[in-house]
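Shown next: protein-v4.pdb, given as PDB, C-alpha atoms.
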ATOM      1  CA  MET P 137      72.419 109.015  72.871
ATOM      2  CA  ASN P 138      69.498 106.828  73.789
ATOM      3  CA  GLY P 139      69.188 105.082  77.134
ATOM      4  CA  LYS P 140      70.345 101.735  75.862
ATOM      5  CA  ASN P 141      73.787 102.925  74.841
ATOM      6  CA  LYS P 142      74.187 105.227  77.780
ATOM      7  CA  HIS P 143      77.729 105.468  79.031
ATOM      8  CA  THR P 144      78.542 106.036  82.659
ATOM      9  CA  THR P 145      81.959 107.429  83.480
ATOM     10  CA  LYS P 146      83.718 107.741  86.827
ATOM     11  CA  LYS P 147      87.142 109.019  87.726
ATOM     12  CA  LEU P 148      89.514 108.569  90.648
ATOM     13  CA  ILE P 149      92.990 110.014  91.145
ATOM     14  CA  ILE P 150      95.309 108.378  93.650
ATOM     15  CA  LYS P 151      98.922 108.828  94.702
ATOM     16  CA  SER P 152     101.421 106.105  93.797
ATOM     17  CA  ARG P 153     101.375 104.356  97.169
ATOM     18  CA  THR P 154     100.425 100.746  97.713
ATOM     19  CA  GLU P 155      98.336 101.767 100.732
ATOM     20  CA  ASN P 156      95.891 103.269  98.205
ATOM     21  CA  LEU P 157      95.219  99.898  96.563
ATOM     22  CA  SER P 158      92.386  99.144  98.982
ATOM     23  CA  SER P 159      90.459 102.340  98.187
ATOM     24  CA  LEU P 160      91.059 101.695  94.481
ATOM     25  CA  ARG P 161      89.560  98.205  94.877
ATOM     26  CA  GLU P 162      86.516  99.682  96.616
ATOM     27  CA  PHE P 163      86.065 102.247  93.834
ATOM     28  CA  ILE P 164      86.196  99.494  91.197
ATOM     29  CA  SER P 165      83.967  97.160  93.178
ATOM     30  CA  GLY P 166      81.185  99.709  93.725
ATOM     31  CA  ASN P 167      81.082 100.767  90.090
ATOM     32  CA  ALA P 168      81.296  97.215  88.730
ATOM     33  CA  TYR P 169      78.366  96.318  90.966
ATOM     34  CA  ASP P 170      76.391  99.310  89.678
ATOM     35  CA  ALA P 171      77.172  98.207  86.121
ATOM     36  CA  GLY P 172      75.437  94.896  86.827
ATOM     37  CA  LEU P 173      78.451  92.589  86.601
ATOM     38  CA  THR P 174      78.383  89.208  88.317
ATOM     39  CA  ALA P 175      80.263  88.668  91.574
ATOM     40  CA  ASN P 176      82.859  86.530  89.777
ATOM     41  CA  ASP P 177      83.449  89.154  87.109
ATOM     42  CA  ILE P 178      83.732  91.842  89.768
ATOM     43  CA  ASP P 179      86.404  89.780  91.567
ATOM     44  CA  ASP P 180      88.314  89.338  88.293
ATOM     45  CA  ILE P 181      88.206  93.058  87.526
ATOM     46  CA  ILE P 182      89.271  94.086  91.028
ATOM     47  CA  LEU P 183      92.318  91.814  90.873
ATOM     48  CA  ALA P 184      93.257  92.893  87.326
ATOM     49  CA  VAL P 185      93.095  96.587  88.260
ATOM     50  CA  ASP P 186      95.055  95.965  91.482
ATOM     51  CA  GLU P 187      97.768  94.234  89.412
ATOM     52  CA  ALA P 188      97.840  97.052  86.837
ATOM     53  CA  CYS P 189      98.117  99.690  89.550
ATOM     54  CA  THR P 190     100.766  97.728  91.464
ATOM     55  CA  ASN P 191     102.814  97.513  88.255
ATOM     56  CA  ILE P 192     102.503 101.286  87.781
ATOM     57  CA  ILE P 193     103.635 101.980  91.347
ATOM     58  CA  LYS P 194     106.562  99.536  91.235
ATOM     59  CA  HIS P 195     107.724  99.864  87.636
ATOM     60  CA  ALA P 196     106.492 103.110  86.050
ATOM     61  CA  TYR P 197     107.090 105.135  89.237
ATOM     62  CA  LYS P 198     109.731 102.804  90.719
ATOM     63  CA  SER P 199     107.997 103.005  94.108
ATOM     64  CA  VAL P 200     108.382 106.797  94.309
ATOM     65  CA  PRO P 201     105.310 107.887  96.306
ATOM     66  CA  ASP P 202     103.072 110.865  95.586
ATOM     67  CA  GLU P 203     103.088 110.553  91.808
ATOM     68  CA  GLU P 204      99.676 110.593  90.223
ATOM     69  CA  ILE P 205      97.675 107.661  88.891
ATOM     70  CA  ILE P 206      94.429 108.483  87.103
ATOM     71  CA  ILE P 207      91.759 105.801  86.960
ATOM     72  CA  GLU P 208      88.763 106.225  84.667
ATOM     73  CA  ILE P 209      85.842 103.847  84.453
ATOM     74  CA  ASP P 210      83.544 103.823  81.445
ATOM     75  CA  TYR P 211      80.696 101.385  81.061
ATOM     76  CA  ASN P 212      77.524 100.810  79.127
ATOM     77  CA  SER P 213      75.251  97.808  78.821
ATOM     78  CA  LYS P 214      77.880  95.884  76.839
ATOM     79  CA  LYS P 215      81.291  96.652  78.226
ATOM     80  CA  PHE P 216      83.042  97.721  81.425
ATOM     81  CA  THR P 217      86.360  99.467  80.783
ATOM     82  CA  ILE P 218      88.977 100.781  83.185
ATOM     83  CA  LYS P 219      91.710 103.110  81.990
ATOM     84  CA  LEU P 220      94.782 103.685  84.154
ATOM     85  CA  ILE P 221      97.080 106.576  83.244
ATOM     86  CA  ASP P 222     100.479 107.386  84.706
ATOM     87  CA  HIS P 223     103.331 109.724  83.823
ATOM     88  CA  GLY P 224     106.187 107.414  84.792
ATOM     89  CA  SER P 225     108.657 105.317  82.818
ATOM     90  CA  ALA P 226     107.384 103.894  79.565
ATOM     91  CA  PHE P 227     106.405 100.257  79.512
ATOM     92  CA  ASP P 228     106.268  97.983  76.506
ATOM     93  CA  PRO P 229     104.374  94.816  77.397
ATOM     94  CA  GLU P 230     105.617  93.209  74.182
ATOM     95  CA  THR P 231     109.067  93.019  75.738
ATOM     96  CA  ILE P 232     107.624  90.834  78.499
ATOM     97  CA  PRO P 233     106.627  87.472  77.057
ATOM     98  CA  LEU P 234     103.766  85.738  78.789
ATOM     99  CA  PRO P 235     105.402  83.194  81.033
ATOM    100  CA  ASP P 236     105.515  79.483  80.405
ATOM    101  CA  LEU P 237     104.040  78.891  83.845
ATOM    102  CA  GLN P 238     105.638  75.498  84.421
ATOM    103  CA  ARG P 239     109.085  76.849  83.733
ATOM    104  CA  TYR P 240     108.296  80.081  85.475
ATOM    105  CA  LEU P 241     107.348  78.372  88.695
ATOM    106  CA  LYS P 242     110.399  76.147  88.596
ATOM    107  CA  GLN P 243     112.572  79.232  88.407
ATOM    108  CA  ARG P 244     110.706  80.633  91.423
ATOM    109  CA  ARG P 245     110.402  84.006  89.763
ATOM    110  CA  VAL P 246     108.440  86.448  91.828
ATOM    111  CA  GLY P 247     107.578  89.307  89.477
ATOM    112  CA  GLY P 248     105.687  89.317  86.202
ATOM    113  CA  LEU P 249     102.699  87.275  87.295
ATOM    114  CA  GLY P 250     100.517  90.387  87.429
ATOM    115  CA  LEU P 251     100.520  90.906  83.671
ATOM    116  CA  TYR P 252      99.650  87.252  83.158
ATOM    117  CA  LEU P 253      96.722  87.566  85.579
ATOM    118  CA  MET P 254      95.459  90.744  83.896
ATOM    119  CA  LYS P 255      95.440  89.084  80.477
ATOM    120  CA  THR P 256      93.779  85.978  81.845
ATOM    121  CA  LEU P 257      91.103  87.711  83.917
ATOM    122  CA  MET P 258      90.040  90.392  81.438
ATOM    123  CA  ASP P 259      88.565  90.119  77.945
ATOM    124  CA  ASP P 260      90.948  92.727  76.592
ATOM    125  CA  VAL P 261      94.140  94.441  77.791
ATOM    126  CA  GLN P 262      95.774  97.226  75.789
ATOM    127  CA  TYR P 263      98.811  99.349  76.481
ATOM    128  CA  ILE P 264      99.630 102.697  74.953
ATOM    129  CA  SER P 265     102.923 104.271  75.922
ATOM    130  CA  VAL P 266     104.051 107.706  74.800
ATOM    131  CA  PRO P 267     107.609 107.939  76.163
ATOM    132  CA  GLY P 268     108.173 111.069  78.211
ATOM    133  CA  LYS P 269     104.449 111.833  78.266
ATOM    134  CA  TYR P 270     102.192 109.128  79.618
ATOM    135  CA  ASN P 271     101.353 105.446  79.765
ATOM    136  CA  GLN P 272      97.882 104.109  79.515
ATOM    137  CA  VAL P 273      96.533 100.646  80.174
ATOM    138  CA  LEU P 274      93.008  99.797  79.139
ATOM    139  CA  LEU P 275      91.290  96.811  80.769
ATOM    140  CA  SER P 276      87.910  95.647  79.455
ATOM    141  CA  LYS P 277      85.321  93.098  80.463
ATOM    142  CA  ASN P 278      82.283  92.320  78.335
ATOM    143  CA  LEU P 279      78.938  92.322  80.097
ATOM    144  CA  ASN P 280      76.915  90.298  77.608
ATOM    145  CA  SER P 281      77.783  86.789  78.764
ATOM    146  CA  SER P 282      77.804  87.685  82.426
ATOM    147  CA  GLN P 283      74.351  89.272  82.483
ATOM    148  CA  ALA P 284      71.765  87.146  84.205
TER     149      ALA P 284
ATOM    150  CA  MET K1024      92.469 100.924 104.580
ATOM    151  CA  ALA K1025      92.318  97.183 104.088
ATOM    152  CA  GLU K1026      93.543  95.203 107.032
ATOM    153  CA  PHE K1027      95.833  92.232 106.938
ATOM    154  CA  ASN K1028      97.447  90.370 109.769
ATOM    155  CA  THR K1029      99.072  87.078 110.561
ATOM    156  CA  SER K1030      99.296  85.021 113.721
ATOM    157  CA  VAL K1031     101.435  81.961 114.382
ATOM    158  CA  LYS K1032     100.601  78.937 116.486
ATOM    159  CA  ASP K1033     103.340  76.465 117.392
ATOM    160  CA  GLN K1034     102.234  72.882 117.219
ATOM    161  CA  GLY K1035     105.293  70.844 118.143
ATOM    162  CA  GLU K1036     107.873  71.514 115.449
ATOM    163  CA  ILE K1037     105.170  72.658 113.046
ATOM    164  CA  SER K1038     104.222  76.337 112.791
ATOM    165  CA  VAL K1039     100.689  77.150 111.709
ATOM    166  CA  VAL K1040     100.378  80.639 110.189
ATOM    167  CA  TYR K1041      96.896  82.150 110.083
ATOM    168  CA  LEU K1042      96.240  84.824 107.448
ATOM    169  CA  LYS K1043      93.457  87.336 107.844
ATOM    170  CA  GLY K1044      92.156  90.062 105.560
ATOM    171  CA  PHE K1045      93.594  91.410 102.326
ATOM    172  CA  LEU K1046      97.025  90.336 101.058
ATOM    173  CA  ASP K1047      98.244  92.753  98.372
ATOM    174  CA  ALA K1048     101.377  94.708  97.406
ATOM    175  CA  HIS K1049     100.932  96.856 100.497
ATOM    176  CA  THR K1050     100.472  94.100 103.051
ATOM    177  CA  ALA K1051     102.797  91.465 101.507
ATOM    178  CA  SER K1052     105.719  92.751 103.617
ATOM    179  CA  ASN K1053     103.787  91.740 106.728
ATOM    180  CA  LEU K1054     103.733  88.103 105.567
ATOM    181  CA  GLU K1055     107.389  88.371 104.495
ATOM    182  CA  ASN K1056     108.263  89.381 108.041
ATOM    183  CA  THR K1057     106.311  86.460 109.458
ATOM    184  CA  PHE K1058     108.084  83.949 107.192
ATOM    185  CA  SER K1059     111.473  85.593 107.839
ATOM    186  CA  GLY K1060     110.883  85.239 111.566
ATOM    187  CA  LEU K1061     110.113  81.538 111.213
ATOM    188  CA  VAL K1062     113.125  80.867 108.997
ATOM    189  CA  GLU K1063     115.448  82.764 111.361
ATOM    190  CA  ASN K1064     114.255  80.517 114.158
ATOM    191  CA  ASN K1065     114.829  77.408 112.029
ATOM    192  CA  LYS K1066     111.115  76.741 111.792
ATOM    193  CA  TYR K1067     110.808  75.173 108.376
ATOM    194  CA  LYS K1068     107.653  73.096 108.759
ATOM    195  CA  ILE K1069     105.008  75.637 107.953
ATOM    196  CA  VAL K1070     101.265  75.242 107.488
ATOM    197  CA  VAL K1071      99.446  78.332 106.221
ATOM    198  CA  ASN K1072      95.753  78.526 107.050
ATOM    199  CA  PHE K1073      93.826  80.722 104.571
ATOM    200  CA  LYS K1074      90.447  80.454 106.296
ATOM    201  CA  ASP K1075      90.134  84.190 107.020
ATOM    202  CA  LEU K1076      91.954  85.499 103.957
ATOM    203  CA  SER K1077      89.533  87.519 101.834
ATOM    204  CA  TYR K1078      91.812  88.542  98.999
ATOM    205  CA  ILE K1079      95.204  87.812  97.433
ATOM    206  CA  SER K1080      97.075  89.451  94.552
ATOM    207  CA  SER K1081     100.277  88.343  92.823
ATOM    208  CA  ALA K1082     102.345  90.329  95.329
ATOM    209  CA  GLY K1083     100.999  88.009  98.019
ATOM    210  CA  LEU K1084     101.647  84.918  95.913
ATOM    211  CA  GLY K1085     105.184  86.172  95.385
ATOM    212  CA  VAL K1086     105.905  85.871  99.109
ATOM    213  CA  PHE K1087     105.289  82.114  98.936
ATOM    214  CA  MET K1088     107.593  81.885  95.939
ATOM    215  CA  ALA K1089     110.296  83.839  97.760
ATOM    216  CA  PHE K1090     110.499  81.443 100.710
ATOM    217  CA  ILE K1091     109.686  77.984  99.355
ATOM    218  CA  GLU K1092     113.184  77.161  98.156
ATOM    219  CA  LYS K1093     114.931  78.098 101.395
ATOM    220  CA  VAL K1094     112.332  76.178 103.406
ATOM    221  CA  ARG K1095     112.655  73.002 101.322
ATOM    222  CA  GLU K1096     116.463  73.165 101.371
ATOM    223  CA  ASN K1097     116.087  72.759 105.114
ATOM    224  CA  ALA K1098     113.875  69.673 104.925
ATOM    225  CA  GLY K1099     110.746  71.715 105.481
ATOM    226  CA  ASP K1100     107.763  72.748 103.425
ATOM    227  CA  ILE K1101     105.023  75.359 103.181
ATOM    228  CA  LYS K1102     101.677  73.568 103.019
ATOM    229  CA  LEU K1103      98.501  75.499 102.349
ATOM    230  CA  THR K1104      95.033  74.840 103.769
ATOM    231  CA  THR K1105      91.435  75.993 103.982
ATOM    232  CA  MET K1106      91.338  78.328 100.993
ATOM    233  CA  SER K1107      88.118  79.916  99.796
ATOM    234  CA  ASP K1108      87.214  79.053  96.201
ATOM    235  CA  LYS K1109      88.032  82.621  95.219
ATOM    236  CA  VAL K1110      91.572  82.486  96.618
ATOM    237  CA  PHE K1111      92.147  78.944  95.338
ATOM    238  CA  ASN K1112      91.169  80.038  91.830
ATOM    239  CA  ILE K1113      93.967  82.594  91.764
ATOM    240  CA  PHE K1114      96.510  80.019  92.955
ATOM    241  CA  ASP K1115      95.153  77.610  90.359
ATOM    242  CA  LEU K1116      95.310  80.148  87.532
ATOM    243  CA  LEU K1117      99.025  80.556  88.175
ATOM    244  CA  GLY K1118      99.734  76.848  88.417
ATOM    245  CA  PHE K1119     100.600  76.917  92.096
ATOM    246  CA  PRO K1120      98.984  73.551  92.869
ATOM    247  CA  LEU K1121     101.955  72.031  91.003
ATOM    248  CA  LEU K1122     104.334  73.632  93.426
ATOM    249  CA  TYR K1123     102.493  73.542  96.736
ATOM    250  CA  GLU K1124     100.443  70.944  98.543
ATOM    251  CA  ILE K1125      96.995  72.365  99.235
ATOM    252  CA  PHE K1126      94.746  70.664 101.823
ATOM    253  CA  ASN K1127      91.107  71.122 102.727
ATOM    254  CA  THR K1128      91.802  71.219 106.459
ATOM    255  CA  GLU K1129      94.627  72.297 108.736
ATOM    256  CA  ASP K1130      94.644  68.851 110.362
ATOM    257  CA  GLU K1131      95.369  67.122 107.067
ATOM    258  CA  ALA K1132      98.329  69.422 106.422
ATOM    259  CA  VAL K1133      99.717  68.919 109.925
ATOM    260  CA  LYS K1134      99.286  65.144 109.623
ATOM    261  CA  LYS K1135     101.195  65.135 106.335
ATOM    262  CA  PHE K1136     104.208  66.624 108.112
ATOM    263  CA  GLU K1137     103.894  64.104 110.932
ATOM    264  CA  GLU K1138     103.686  61.169 108.500
ATOM    265  CA  ASN K1139     106.881  62.269 106.795
ATOM    266  CA  LYS K1140     108.969  62.506 109.917
TER     267      LYS K1140
END

Before we go any further, please render this structure as structure tokens.
Amino acid sequence: MNGKNKHTTKKLIIKSRTENLSSLREFISGNAYDAGLTANDIDDIILAVDEACTNIIKHAYKSVPDEEIIIEIDYNSKKFTIKLIDHGSAFDPETIPLPDLQRYLKQRRVGGLGLYLMKTLMDDVQYISVPGKYNQVLLSKNLNSSQA
Amino acid sequence: MAEFNTSVKDQGEISVVYLKGFLDAHTASNLENTFSGLVENNKYKIVVNFKDLSYISSAGLGVFMAFIEKVRENAGDIKLTTMSDKVFNIFDLLGFPLLYEIFNTEDEAVKKFEENK
């Protein structure tokens, strides 16, 4: 691989506790900064990853603490990707329609906004679920347009 | 660990809630407790000052959703003020400005309650 297409990868493993969200945000923030993303893009990524991890803790692991969440960052000069892996309950995002926000707000529904934020803040969001084995969510942000 | 705390200042029948730090799925219960305390004491005229709030996720936004109905049923409201652009953008992305009055300053929010007496 030549320097231009060089990939940098980083990995963090945390337990499924919401108190770990702050160290996860710091891990994402530091690496996104190193990747050369703009401050706005870094904010978007931090929030999207926080939402993804919160969903894993609450839904995949049903708030059971001390389960494992694996976070892998991979970036090159074009793309910054975060992969979150858990071994909890399978999740099919297709079963959760993106909310009609007007209606959603009128119904005062509390949950489900995280997925909407993730899809809005990131350039690409992909779920892979292998029931009984693992779930993986892949969040990507392109660097091209955000590079100064 | 990220810090979050709230403090409440009584201003006549209006309660001003100051948020500080990082409001996420871990710290949202802290704000829930603050709102619960106000509601239990029949304090339904609430101004939330975001001046020192650095971060909010949907779990934090959810707390506002959870209380707004109860508060309005009791002739009150939750008015929001002094948000950073970053925090406002998240509220805006989720359409919250349709549901909540957002003011530039705490005074404006307090005055709005006083006008509607």

Calculated over only C-alpha atoms, which of the candidates P:Arg153, P:Lys215, P:Lys255, P:Lys269 has the smallest distance to chain K?
P:Arg153

Check the smallest atom-to-atom distance from each of K:Val1086, K:Ala1048, K:Leu1076, K:Ile1037 to Val1110 (chain K) using all atoms listed in the file, then report the winner.
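When distances to Val1110 (chain K) are compared using all atoms listed in the file, the smallest one comes from K:Leu1076.
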
Take the PyMOL selection byres ((chain K) within 10 of (chain P)), apply it to the structure above, and return the hits as a PyMOL selection string.
chain K and resi 1024-1026+1045+1047-1050+1078-1092+1109+1113+1116-1119+1121-1122

Tell me which protein, DNA and RNA residues are within 9 Å of region 195-203 of chain P, counting all atoms listed in the file, leaving out same-chain ones fewer than 6 positions away, and put them as a ChimeraX atom specification.
/P:150-154,222-227,271

Could you state which residues are captured by the PyMOL selection byres ((chain P and resi 272-279) around 9) in this file, as a VMD selection string?
chain P and resid 171 to 174 177 181 184 to 185 188 212 to 223 254 to 255 257 to 266 270 to 271 280 to 283

List the residues matched by the PyMOL selection byres ((chain K and resi 1127) around 8) in the displayed structure as a PDB file with C-alpha atoms, in the coordinates of the input, ordered by chain and then by residue number.
ATOM      1  CA  THR K1104      95.033  74.840 103.769  1.00  0.00           C
ATOM      2  CA  THR K1105      91.435  75.993 103.982  1.00  0.00           C
ATOM      3  CA  MET K1106      91.338  78.328 100.993  1.00  0.00           C
ATOM      4  CA  ILE K1125      96.995  72.365  99.235  1.00  0.00           C
ATOM      5  CA  PHE K1126      94.746  70.664 101.823  1.00  0.00           C
ATOM      6  CA  THR K1128      91.802  71.219 106.459  1.00  0.00           C
ATOM      7  CA  GLU K1129      94.627  72.297 108.736  1.00  0.00           C
ATOM      8  CA  GLU K1131      95.369  67.122 107.067  1.00  0.00           C
TER       9      GLU K1131
END

Between CA of Glu1063 (chain K) and CA of Asp1130 (chain K), measure the distance and give it in Å to one decimal.
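Spanning CA of Glu1063 (chain K) to CA of Asp1130 (chain K) is a straight-line distance of 25.0 Å.
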
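In this structure, CA of Asn1072 (chain K) sits 17.1 Å away from CA of Val1094 (chain K).
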